[in-house]
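**Q** Take a look at my_file12.cif, mmCIF, C-alpha atoms:
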```cif
data_input
#
loop_
_atom_site.group_PDB
_atom_site.id
_atom_site.type_symbol
_atom_site.label_atom_id
_atom_site.label_comp_id
_atom_site.auth_asym_id
_atom_site.auth_seq_id
_atom_site.Cartn_x
_atom_site.Cartn_y
_atom_site.Cartn_z
ATOM 1 C CA MET A 14 96.779 63.577 157.238
ATOM 2 C CA HIS A 15 96.577 62.301 160.814
ATOM 3 C CA ASN A 16 94.896 64.614 163.323
ATOM 4 C CA PRO A 17 96.822 64.573 166.625
ATOM 5 C CA PHE A 18 93.613 65.382 168.543
ATOM 6 C CA VAL A 19 91.683 62.367 167.220
ATOM 7 C CA PRO A 20 92.622 59.053 168.870
ATOM 8 C CA GLU A 21 93.478 56.311 166.397
ATOM 9 C CA THR A 22 91.702 52.957 166.514
ATOM 10 C CA LEU A 23 92.631 49.450 165.428
ATOM 11 C CA GLU A 24 89.897 47.245 164.000
ATOM 12 C CA GLY A 25 89.281 43.496 164.027
ATOM 13 C CA TRP A 26 86.208 41.275 163.607
ATOM 14 C CA SER A 27 83.070 42.668 162.039
ATOM 15 C CA VAL A 28 80.205 41.916 164.429
ATOM 16 C CA LEU A 29 76.476 41.394 163.967
ATOM 17 C CA HIS A 30 74.130 40.913 166.924
ATOM 18 C CA LEU A 31 70.762 39.406 166.000
ATOM 19 C CA MET A 32 68.023 39.299 168.658
ATOM 20 C CA TYR A 33 64.830 37.304 168.186
ATOM 21 C CA ARG A 34 61.673 36.401 170.042
ATOM 22 C CA VAL A 35 60.720 32.741 169.503
ATOM 23 C CA ARG A 36 57.250 32.058 168.091
ATOM 24 C CA TRP A 37 56.494 29.171 170.424
ATOM 25 C CA ASP A 38 53.046 28.731 168.891
ATOM 26 C CA LYS A 39 54.650 27.725 165.599
ATOM 27 C CA LEU A 40 57.206 25.435 167.236
ATOM 28 C CA ARG A 41 54.484 23.540 169.096
ATOM 29 C CA ASP A 42 53.174 22.327 165.748
ATOM 30 C CA LEU A 43 56.472 20.436 165.200
ATOM 31 C CA ASP A 44 57.377 17.129 166.824
ATOM 32 C CA ALA A 45 60.720 16.657 168.622
ATOM 33 C CA ALA A 46 62.449 15.095 165.614
ATOM 34 C CA ASP A 47 61.368 17.948 163.363
ATOM 35 C CA ARG A 48 62.482 20.555 165.899
ATOM 36 C CA GLY A 49 65.858 18.824 165.938
ATOM 37 C CA ARG A 50 66.139 19.097 162.178
ATOM 38 C CA VAL A 51 65.125 22.765 162.313
ATOM 39 C CA ALA A 52 67.828 23.435 164.920
ATOM 40 C CA ASP A 53 70.499 21.525 162.989
ATOM 41 C CA GLU A 54 69.752 23.505 159.827
ATOM 42 C CA ALA A 55 70.108 26.820 161.697
ATOM 43 C CA VAL A 56 73.372 25.731 163.309
ATOM 44 C CA ARG A 57 74.790 24.816 159.899
ATOM 45 C CA ALA A 58 73.675 28.176 158.515
ATOM 46 C CA LEU A 59 75.619 30.051 161.209
ATOM 47 C CA SER A 60 78.678 27.820 161.213
ATOM 48 C CA VAL A 61 81.983 29.283 160.035
ATOM 49 C CA PRO A 62 84.288 26.820 158.283
ATOM 50 C CA ASP A 63 87.244 29.194 157.967
ATOM 51 C CA ALA A 64 87.513 32.454 159.943
ATOM 52 C CA GLY A 65 85.055 33.664 162.545
ATOM 53 C CA SER A 66 82.562 32.267 165.016
ATOM 54 C CA THR A 67 78.995 32.610 166.268
ATOM 55 C CA ALA A 68 77.968 32.848 169.915
ATOM 56 C CA PHE A 69 74.535 31.393 170.760
ATOM 57 C CA VAL A 70 72.799 33.031 173.740
ATOM 58 C CA GLN A 71 69.487 32.295 175.449
ATOM 59 C CA THR A 72 68.411 35.783 176.485
ATOM 60 C CA LEU A 73 66.647 36.483 179.780
ATOM 61 C CA GLY A 74 63.634 38.801 179.935
ATOM 62 C CA HIS A 75 61.092 40.024 177.397
ATOM 63 C CA LYS A 76 63.473 41.786 174.979
ATOM 64 C CA ALA A 77 64.412 38.564 173.205
ATOM 65 C CA ASP A 78 64.585 34.790 173.581
ATOM 66 C CA LEU A 79 67.663 34.210 171.443
ATOM 67 C CA MET A 80 70.691 36.320 170.541
ATOM 68 C CA PHE A 81 73.220 35.286 167.915
ATOM 69 C CA ILE A 82 76.547 37.155 167.948
ATOM 70 C CA CYS A 83 78.336 36.711 164.618
ATOM 71 C CA PHE A 84 82.061 37.486 164.418
ATOM 72 C CA ARG A 85 83.238 37.583 160.799
ATOM 73 C CA ARG A 86 86.082 38.961 158.657
ATOM 74 C CA GLY A 87 83.956 41.632 156.984
ATOM 75 C CA PHE A 88 80.482 42.897 156.177
ATOM 76 C CA ASP A 89 80.134 40.531 153.213
ATOM 77 C CA GLN A 90 80.503 37.611 155.606
ATOM 78 C CA LEU A 91 78.013 39.178 158.038
ATOM 79 C CA ALA A 92 75.551 39.559 155.169
ATOM 80 C CA GLN A 93 76.038 35.907 154.279
ATOM 81 C CA ALA A 94 75.340 34.832 157.872
ATOM 82 C CA GLN A 95 72.189 36.942 158.010
ATOM 83 C CA LEU A 96 70.951 35.599 154.674
ATOM 84 C CA ALA A 97 71.777 32.006 155.573
ATOM 85 C CA LEU A 98 69.768 32.212 158.791
ATOM 86 C CA SER A 99 66.910 34.000 157.012
ATOM 87 C CA ARG A 100 66.525 31.060 154.627
ATOM 88 C CA THR A 101 66.156 28.417 157.369
ATOM 89 C CA ARG A 102 62.923 26.947 158.717
ATOM 90 C CA LEU A 103 63.848 28.257 162.162
ATOM 91 C CA ARG A 104 63.617 31.834 160.869
ATOM 92 C CA ASP A 105 59.898 31.192 160.210
ATOM 93 C CA CYS A 106 59.553 30.681 163.968
ATOM 94 C CA LEU A 107 61.501 33.793 164.957
ATOM 95 C CA GLU A 108 60.389 37.401 165.317
ATOM 96 C CA PRO A 109 63.254 39.929 165.142
ATOM 97 C CA THR A 110 63.331 42.346 168.078
ATOM 98 C CA SER A 111 66.650 44.125 167.570
ATOM 99 C CA SER A 112 70.061 43.959 165.906
ATOM 100 C CA TYR A 113 73.416 45.688 166.098
ATOM 101 C CA VAL A 114 76.258 46.209 163.598
ATOM 102 C CA SER A 115 79.789 47.082 164.703
ATOM 103 C CA ILE A 116 83.494 46.284 164.343
ATOM 104 C CA VAL A 117 85.771 45.157 167.174
ATOM 105 C CA GLU A 118 87.806 48.201 168.127
ATOM 106 C CA LEU A 119 90.868 48.908 170.225
ATOM 107 C CA GLY A 120 91.201 52.577 171.181
ATOM 108 C CA MET A 121 94.722 54.033 171.066
ATOM 109 C CA TYR A 122 94.462 57.224 173.129
ATOM 110 C CA GLU A 123 97.879 57.112 174.788
ATOM 111 C CA MET A 124 99.587 55.441 171.837
ATOM 112 C CA THR A 125 98.267 58.100 169.419
ATOM 113 C CA ALA A 126 99.838 60.902 171.453
ATOM 114 C CA LYS A 127 103.093 58.973 171.910
ATOM 115 C CA ILE A 128 103.492 58.208 168.196
ATOM 116 C CA HIS A 129 102.784 61.826 167.201
ATOM 117 C CA GLU A 130 105.348 63.060 169.722
ATOM 118 C CA GLN A 131 108.042 60.605 168.660
ATOM 119 C CA LEU A 132 107.618 61.106 164.918
ATOM 120 C CA ALA A 133 107.532 64.903 165.258
ATOM 121 C CA GLU A 134 111.206 64.731 166.306
ATOM 122 C CA THR A 135 112.255 63.470 162.863
ATOM 123 C CA HIS A 136 109.367 64.304 160.506
ATOM 124 C CA LYS A 137 107.335 67.427 159.797
ATOM 125 C CA PRO A 138 103.744 66.869 161.020
ATOM 126 C CA GLY A 139 101.343 66.818 158.092
ATOM 127 C CA SER A 140 103.979 65.818 155.561
ATOM 128 C CA ASP A 141 103.756 62.690 153.414
ATOM 129 C CA GLU A 142 106.810 61.293 155.200
ATOM 130 C CA PHE A 143 105.140 61.796 158.575
ATOM 131 C CA ASP A 144 101.935 60.093 157.435
ATOM 132 C CA LYS A 145 103.822 57.127 155.958
ATOM 133 C CA ALA A 146 105.853 56.691 159.134
ATOM 134 C CA PHE A 147 102.692 57.000 161.227
ATOM 135 C CA ASP A 148 100.871 54.356 159.178
ATOM 136 C CA LYS A 149 103.865 52.021 159.448
ATOM 137 C CA GLU A 150 103.938 52.377 163.231
ATOM 138 C CA MET A 151 100.178 51.780 163.497
ATOM 139 C CA GLU A 152 100.549 48.582 161.468
ATOM 140 C CA THR A 153 103.285 47.491 163.882
ATOM 141 C CA GLN A 154 100.908 48.111 166.786
ATOM 142 C CA ARG A 155 98.135 46.249 164.956
ATOM 143 C CA GLN A 156 100.286 43.157 164.524
ATOM 144 C CA ARG A 157 101.168 43.308 168.214
ATOM 145 C CA VAL A 158 97.522 43.099 169.312
ATOM 146 C CA MET A 159 96.051 40.833 166.615
ATOM 147 C CA SER A 160 94.891 38.314 169.236
ATOM 148 C CA ARG A 161 92.759 41.040 170.838
ATOM 149 C CA LEU A 162 91.316 42.242 167.535
ATOM 150 C CA PHE A 163 90.493 38.744 166.283
ATOM 151 C CA LEU A 164 89.898 36.960 169.563
ATOM 152 C CA GLU A 165 88.188 33.596 169.874
ATOM 153 C CA THR A 166 84.685 33.821 171.295
ATOM 154 C CA PRO A 167 85.050 33.432 175.082
ATOM 155 C CA LYS A 168 83.437 30.209 176.332
ATOM 156 C CA ALA A 169 82.091 31.789 179.522
ATOM 157 C CA ARG A 170 78.528 30.846 180.462
ATOM 158 C CA HIS A 171 77.067 34.330 180.928
ATOM 159 C CA VAL A 172 76.898 37.129 178.353
ATOM 160 C CA CYS A 173 75.944 40.800 178.654
ATOM 161 C CA PHE A 174 75.601 43.149 175.688
ATOM 162 C CA TYR A 175 74.761 46.853 175.622
ATOM 163 C CA PRO A 176 75.356 49.855 173.336
ATOM 164 C CA MET A 177 76.592 53.213 174.582
ATOM 165 C CA ASN A 178 77.420 56.778 173.576
ATOM 166 C CA LYS A 179 79.612 59.589 174.775
ATOM 167 C CA ARG A 180 77.475 62.696 175.414
ATOM 168 C CA ARG A 181 77.481 65.457 172.809
ATOM 169 C CA GLY A 182 75.194 67.999 174.504
ATOM 170 C CA GLU A 183 75.459 71.763 174.503
ATOM 171 C CA THR A 184 76.983 71.914 177.985
ATOM 172 C CA VAL A 185 78.526 68.430 178.323
ATOM 173 C CA ASN A 186 80.315 67.282 175.175
ATOM 174 C CA TRP A 187 82.956 64.556 175.253
ATOM 175 C CA TYR A 188 84.298 65.517 171.835
ATOM 176 C CA SER A 189 84.949 69.126 172.801
ATOM 177 C CA GLU A 190 87.142 68.134 175.742
ATOM 178 C CA ALA A 191 90.900 68.521 175.293
ATOM 179 C CA PHE A 192 92.697 65.428 174.027
ATOM 180 C CA GLU A 193 94.775 65.187 177.201
ATOM 181 C CA ARG A 194 91.630 65.290 179.389
ATOM 182 C CA ARG A 195 89.950 62.573 177.374
ATOM 183 C CA ALA A 196 93.073 60.413 177.492
ATOM 184 C CA ALA A 197 93.342 60.821 181.272
ATOM 185 C CA MET A 198 89.685 59.885 181.785
ATOM 186 C CA MET A 199 90.003 56.817 179.558
ATOM 187 C CA ARG A 200 93.126 55.779 181.485
ATOM 188 C CA GLU A 201 91.141 55.939 184.731
ATOM 189 C CA HIS A 202 88.273 54.047 183.087
ATOM 190 C CA GLY A 203 90.604 51.310 181.874
ATOM 191 C CA MET A 204 92.212 50.837 185.294
ATOM 192 C CA ILE A 205 88.860 49.731 186.715
ATOM 193 C CA GLY A 206 88.503 47.099 184.015
ATOM 194 C CA ARG A 207 91.964 45.745 184.780
ATOM 195 C CA HIS A 208 90.838 44.963 188.338
ATOM 196 C CA TYR A 209 88.447 42.411 186.841
ATOM 197 C CA ALA A 210 91.052 40.653 184.701
ATOM 198 C CA GLY A 211 90.449 36.919 184.744
ATOM 199 C CA LYS A 212 86.831 37.378 185.865
ATOM 200 C CA VAL A 213 85.375 38.949 182.733
ATOM 201 C CA THR A 214 86.308 39.251 179.055
ATOM 202 C CA GLN A 215 85.297 42.560 177.522
ATOM 203 C CA VAL A 216 84.856 43.033 173.773
ATOM 204 C CA ILE A 217 84.467 46.650 172.643
ATOM 205 C CA SER A 218 83.185 47.280 169.128
ATOM 206 C CA GLY A 219 82.868 50.597 167.344
ATOM 207 C CA SER A 220 79.587 51.417 165.620
ATOM 208 C CA ILE A 221 79.879 55.084 164.631
ATOM 209 C CA GLY A 222 78.426 55.231 161.137
ATOM 210 C CA PHE A 223 77.104 51.655 161.422
ATOM 211 C CA ASP A 224 74.308 51.791 163.996
ATOM 212 C CA ASP A 225 72.336 54.101 166.288
ATOM 213 C CA TRP A 226 74.890 54.117 169.106
ATOM 214 C CA GLU A 227 78.631 54.760 169.050
ATOM 215 C CA TRP A 228 79.942 51.587 170.688
ATOM 216 C CA GLY A 229 78.773 48.107 171.546
ATOM 217 C CA VAL A 230 80.050 46.283 174.635
ATOM 218 C CA ASP A 231 80.019 42.513 175.068
ATOM 219 C CA LEU A 232 80.942 41.019 178.435
ATOM 220 C CA PHE A 233 81.578 37.307 179.019
ATOM 221 C CA ALA A 234 81.894 35.855 182.536
ATOM 222 C CA GLU A 235 81.280 32.691 184.536
ATOM 223 C CA ASP A 236 79.549 34.657 187.306
ATOM 224 C CA PRO A 237 76.870 37.140 186.156
ATOM 225 C CA LEU A 238 77.339 39.146 189.358
ATOM 226 C CA VAL A 239 80.594 40.409 187.822
ATOM 227 C CA PHE A 240 78.570 42.378 185.248
ATOM 228 C CA LYS A 241 76.735 44.252 187.989
ATOM 229 C CA LYS A 242 79.852 45.000 190.018
ATOM 230 C CA LEU A 243 81.995 46.067 187.053
ATOM 231 C CA ILE A 244 79.425 48.350 185.444
ATOM 232 C CA TYR A 245 78.422 49.821 188.827
ATOM 233 C CA GLU A 246 82.028 50.640 189.728
ATOM 234 C CA MET A 247 82.728 52.140 186.307
ATOM 235 C CA ARG A 248 79.791 54.535 186.642
ATOM 236 C CA PHE A 249 81.679 56.373 189.367
ATOM 237 C CA ASP A 250 84.604 57.347 187.141
ATOM 238 C CA GLU A 251 84.317 60.657 185.315
ATOM 239 C CA ALA A 252 84.248 59.198 181.805
ATOM 240 C CA SER A 253 81.036 57.350 182.689
ATOM 241 C CA ALA A 254 79.476 59.529 185.384
ATOM 242 C CA LYS A 255 79.644 62.691 183.328
ATOM 243 C CA PHE A 256 79.871 61.610 179.701
ATOM 244 C CA ALA A 257 78.366 58.131 179.194
ATOM 245 C CA GLU A 258 74.886 57.234 177.950
ATOM 246 C CA PHE A 259 73.760 53.597 177.946
ATOM 247 C CA GLY A 260 71.315 51.784 175.715
ATOM 248 C CA PRO A 261 69.291 48.623 176.437
ATOM 249 C CA PHE A 262 71.014 45.709 178.161
ATOM 250 C CA TYR A 263 70.743 42.097 176.971
ATOM 251 C CA VAL A 264 71.814 39.374 179.412
ATOM 252 C CA GLY A 265 71.677 35.647 178.939
ATOM 253 C CA LEU A 266 73.257 32.204 178.936
ATOM 254 C CA GLN A 267 75.724 31.227 176.258
ATOM 255 C CA PHE A 268 75.249 27.667 175.047
ATOM 256 C CA SER A 269 76.824 25.249 172.627
ATOM 257 C CA PRO A 270 75.246 25.400 169.147
ATOM 258 C CA ALA A 271 74.682 21.653 169.450
ATOM 259 C CA HIS A 272 72.134 22.404 172.194
ATOM 260 C CA LEU A 273 69.915 24.748 170.168
ATOM 261 C CA ALA A 274 67.401 21.898 169.895
ATOM 262 C CA SER A 275 67.212 21.835 173.696
ATOM 263 C CA VAL A 276 66.087 25.454 173.719
ATOM 264 C CA LEU A 277 63.412 24.709 171.144
ATOM 265 C CA ASP A 278 62.304 21.784 173.329
ATOM 266 C CA GLY A 279 61.889 24.146 176.310
ATOM 267 C CA GLN A 280 65.017 23.086 178.206
ATOM 268 C CA VAL A 281 67.802 25.270 179.564
ATOM 269 C CA PRO A 282 70.723 24.580 177.178
ATOM 270 C CA ALA A 283 74.168 23.471 178.303
ATOM 271 C CA LEU A 284 77.414 25.258 177.495
#
```
Show how you would write the structure in this file as structure tokens.
**A**
Amino acid sequence: MHNPFVPETLEGWSVLHLMYRVRWDKLRDLDAADRGRVADEAVRALSVPDAGSTAFVQTLGHKADLMFICFRRGFDQLAQAQLALSRTRLRDCLEPTSSYVSIVELGMYEMTAKIHEQLAETHKPGSDEFDKAFDKEMETQRQRVMSRLFLETPKARHVCFYPMNKRRGETVNWYSEAFERRAAMMREHGMIGRHYAGKVTQVISGSIGFDDWEWGVDLFAEDPLVFKKLIYEMRFDEASAKFAEFGPFYVGLQFSPAHLASVLDGQVPAL
């Protein structure tokens, strides 16, 4: 039975963020040729011959040196990527600092209400016929947005990742707000993002039941200043100002996997 007060979601790639600090003391014991072989082995371990991709990021600051963002068809494939990297020589030179598990998600606030309203004209809500018709319409919507659910990894130079929650306190609780209020606030929130179309690619992934926060947000842009301006502006809308909680931010430079050896050699890698 579909609850008209719970917004439906459409799901795409399964996502695994892996953050590591490099053990430079161990890498210094290897010569350049050996570091190249170590890098090549890790790149092969994270390559995806069929469906999916891996973004390589040199992270700025003390939280991590490297971040690998794995986009795969399912959790089995994420597990394979994690195991494959764990068995490489590079993993001996890495110290894990954090990780994040989620699934690319497209929220359907307005569409959920519209579908319920339309189907209620011809089907009794809660009936098997209603649920079947609802599922059929959601599959139609899913096919319409497949390119957003299974997008190619953006090739932008700069990457920002952070997790976030909606507040569930005793006095301020997102989930106790009326559906219409939540939908209106999310509409306002989305309008701000549309102003940055062409400047930033935003990938929202749901992590309720998978990790410690409710959503993960990945931003890809050519100019890192866009991250600051977008997130700053969004904090003034009600959905963020009143209800949002943010976790740690990871910012860095995306680079071609072929340049992982450059990072291990102490050079800023090219995209």
**Q** Set the distance at 6 Å and use only C-alpha atoms: which residues neighbour stretch 50-58 of chain A once local chain neighbours fewer than 2 positions away are removed? I'd like the list as JSON, numbers by chain.
**A** {"A": [47, 48, 60, 97, 98, 102, 103, 273, 274]}
**Q** Determine, counting all atoms listed in the file, which protein, DNA and RNA residues have an atom within 10 Å of an atom of A:Gly74; residues of the same chain fewer than 6 positions away are not included. Present the result as a ChimeraX atom specification.
**A** /A:263-265
**Q** Report the distance between atom CA of A:Gln93 and atom CA of A:Asp63 in Å, rounded to one decimal place.
**A**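 Atom CA of A:Gln93 sits 13.6 Å away from atom CA of A:Asp63.
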**Q** What does the PyMOL selection byres ((chain A and resi 221-226) around 8) select in this file, as number ranges by chain?
**A** A: 113-115, 176-178, 219-220, 227-229, 260
**Q** Residues as selected, C-alpha atoms, written as a PDB file, keeping the file's coordinate frame, can you do that?
**A**
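This went into again.pdb:
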```pdb
ATOM      1  CA  TYR A 113      73.416  45.688 166.098  1.00  0.00           C
ATOM      2  CA  VAL A 114      76.258  46.209 163.598  1.00  0.00           C
ATOM      3  CA  SER A 115      79.789  47.082 164.703  1.00  0.00           C
ATOM      4  CA  PRO A 176      75.356  49.855 173.336  1.00  0.00           C
ATOM      5  CA  MET A 177      76.592  53.213 174.582  1.00  0.00           C
ATOM      6  CA  ASN A 178      77.420  56.778 173.576  1.00  0.00           C
ATOM      7  CA  GLY A 219      82.868  50.597 167.344  1.00  0.00           C
ATOM      8  CA  SER A 220      79.587  51.417 165.620  1.00  0.00           C
ATOM      9  CA  GLU A 227      78.631  54.760 169.050  1.00  0.00           C
ATOM     10  CA  TRP A 228      79.942  51.587 170.688  1.00  0.00           C
ATOM     11  CA  GLY A 229      78.773  48.107 171.546  1.00  0.00           C
ATOM     12  CA  GLY A 260      71.315  51.784 175.715  1.00  0.00           C
TER      13      GLY A 260
END
```
**Q** Tell me which of A:Leu79, A:Asp250, A:Leu119, A:Asp42 sits closest to A:Met159, counting only C-alpha atoms.
**A**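 Closest to A:Met159 of all the choices is A:Leu119.
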**Q** For A:Gly120, which residue out of A:Glu246, A:Glu108, A:Asp231, A:Glu21 is the nearest one, using all atoms listed in the file?
**A** A:Glu21
**Q** Which residue gives the smallest distance to A:Val281 among A:Asp44, A:Glu142, A:Glu150, A:Asp78, with all atoms listed in the file counted?
**A** A:Asp78
**Q** Output stretch 54-64 of chain A as a JSON list (two decimals), in the coordinates of the input, making sure all heavy atoms are there.
**A**
```json
[["chain", "number", "residue", "atom", "x", "y", "z"],
["A", 54, "GLU", "N", 69.64, 22.68, 161.02],
["A", 54, "GLU", "CA", 69.75, 23.50, 159.83],
["A", 54, "GLU", "C", 70.24, 24.91, 160.18],
["A", 54, "GLU", "O", 71.10, 25.48, 159.50],
["A", 54, "GLU", "CB", 68.40, 23.58, 159.12],
["A", 54, "GLU", "CG", 68.45, 24.41, 157.84],
["A", 54, "GLU", "CD", 67.06, 24.69, 157.28],
["A", 54, "GLU", "OE1", 66.08, 24.71, 158.06],
["A", 54, "GLU", "OE2", 66.95, 24.92, 156.06],
["A", 55, "ALA", "N", 69.71, 25.47, 161.29],
["A", 55, "ALA", "CA", 70.11, 26.82, 161.70],
["A", 55, "ALA", "C", 71.56, 26.84, 162.14],
["A", 55, "ALA", "O", 72.30, 27.80, 161.85],
["A", 55, "ALA", "CB", 69.20, 27.31, 162.82],
["A", 56, "VAL", "N", 71.98, 25.81, 162.86],
["A", 56, "VAL", "CA", 73.37, 25.73, 163.31],
["A", 56, "VAL", "C", 74.31, 25.68, 162.11],
["A", 56, "VAL", "O", 75.35, 26.35, 162.07],
["A", 56, "VAL", "CB", 73.59, 24.51, 164.23],
["A", 56, "VAL", "CG1", 75.08, 24.29, 164.49],
["A", 56, "VAL", "CG2", 72.85, 24.70, 165.54],
["A", 57, "ARG", "N", 73.96, 24.88, 161.11],
["A", 57, "ARG", "CA", 74.79, 24.82, 159.90],
["A", 57, "ARG", "C", 74.84, 26.17, 159.19],
["A", 57, "ARG", "O", 75.88, 26.58, 158.68],
["A", 57, "ARG", "CB", 74.25, 23.75, 158.95],
["A", 57, "ARG", "CG", 74.48, 22.31, 159.41],
["A", 57, "ARG", "CD", 74.23, 21.32, 158.27],
["A", 57, "ARG", "NE", 72.88, 21.41, 157.74],
["A", 57, "ARG", "CZ", 71.84, 20.72, 158.22],
["A", 57, "ARG", "NH1", 72.01, 19.91, 159.26],
["A", 57, "ARG", "NH2", 70.63, 20.83, 157.67],
["A", 58, "ALA", "N", 73.72, 26.88, 159.19],
["A", 58, "ALA", "CA", 73.68, 28.18, 158.51],
["A", 58, "ALA", "C", 74.61, 29.19, 159.17],
["A", 58, "ALA", "O", 75.17, 30.06, 158.49],
["A", 58, "ALA", "CB", 72.25, 28.71, 158.52],
["A", 59, "LEU", "N", 74.80, 29.08, 160.48],
["A", 59, "LEU", "CA", 75.62, 30.05, 161.21],
["A", 59, "LEU", "C", 77.02, 29.54, 161.50],
["A", 59, "LEU", "O", 77.80, 30.21, 162.18],
["A", 59, "LEU", "CB", 74.93, 30.43, 162.53],
["A", 59, "LEU", "CG", 73.63, 31.23, 162.38],
["A", 59, "LEU", "CD1", 72.97, 31.43, 163.73],
["A", 59, "LEU", "CD2", 73.90, 32.58, 161.70],
["A", 60, "SER", "N", 77.34, 28.35, 160.99],
["A", 60, "SER", "CA", 78.68, 27.82, 161.21],
["A", 60, "SER", "C", 79.68, 28.56, 160.33],
["A", 60, "SER", "O", 79.33, 29.11, 159.28],
["A", 60, "SER", "CB", 78.72, 26.33, 160.90],
["A", 60, "SER", "OG", 78.49, 26.10, 159.52],
["A", 61, "VAL", "N", 80.93, 28.58, 160.77],
["A", 61, "VAL", "CA", 81.98, 29.28, 160.04],
["A", 61, "VAL", "C", 83.11, 28.29, 159.78],
["A", 61, "VAL", "O", 83.87, 27.96, 160.70],
["A", 61, "VAL", "CB", 82.52, 30.49, 160.83],
["A", 61, "VAL", "CG1", 83.47, 31.31, 159.97],
["A", 61, "VAL", "CG2", 81.37, 31.37, 161.31],
["A", 62, "PRO", "N", 83.27, 27.83, 158.55],
["A", 62, "PRO", "CA", 84.29, 26.82, 158.28],
["A", 62, "PRO", "C", 85.71, 27.35, 158.27],
["A", 62, "PRO", "O", 86.66, 26.60, 158.45],
["A", 62, "PRO", "CB", 83.89, 26.31, 156.89],
["A", 62, "PRO", "CG", 83.17, 27.46, 156.26],
["A", 62, "PRO", "CD", 82.44, 28.13, 157.38],
["A", 63, "ASP", "N", 85.89, 28.66, 158.07],
["A", 63, "ASP", "CA", 87.24, 29.19, 157.97],
["A", 63, "ASP", "C", 87.58, 30.18, 159.08],
["A", 63, "ASP", "O", 88.19, 29.81, 160.07],
["A", 63, "ASP", "CB", 87.47, 29.84, 156.60],
["A", 63, "ASP", "CG", 86.28, 30.70, 156.16],
["A", 63, "ASP", "OD1", 85.44, 31.02, 157.01],
["A", 63, "ASP", "OD2", 86.22, 31.07, 154.97],
["A", 64, "ALA", "N", 87.14, 31.43, 158.96],
["A", 64, "ALA", "CA", 87.51, 32.45, 159.94],
["A", 64, "ALA", "C", 86.27, 33.09, 160.54],
["A", 64, "ALA", "O", 85.41, 33.59, 159.82],
["A", 64, "ALA", "CB", 88.38, 33.53, 159.29]]
```
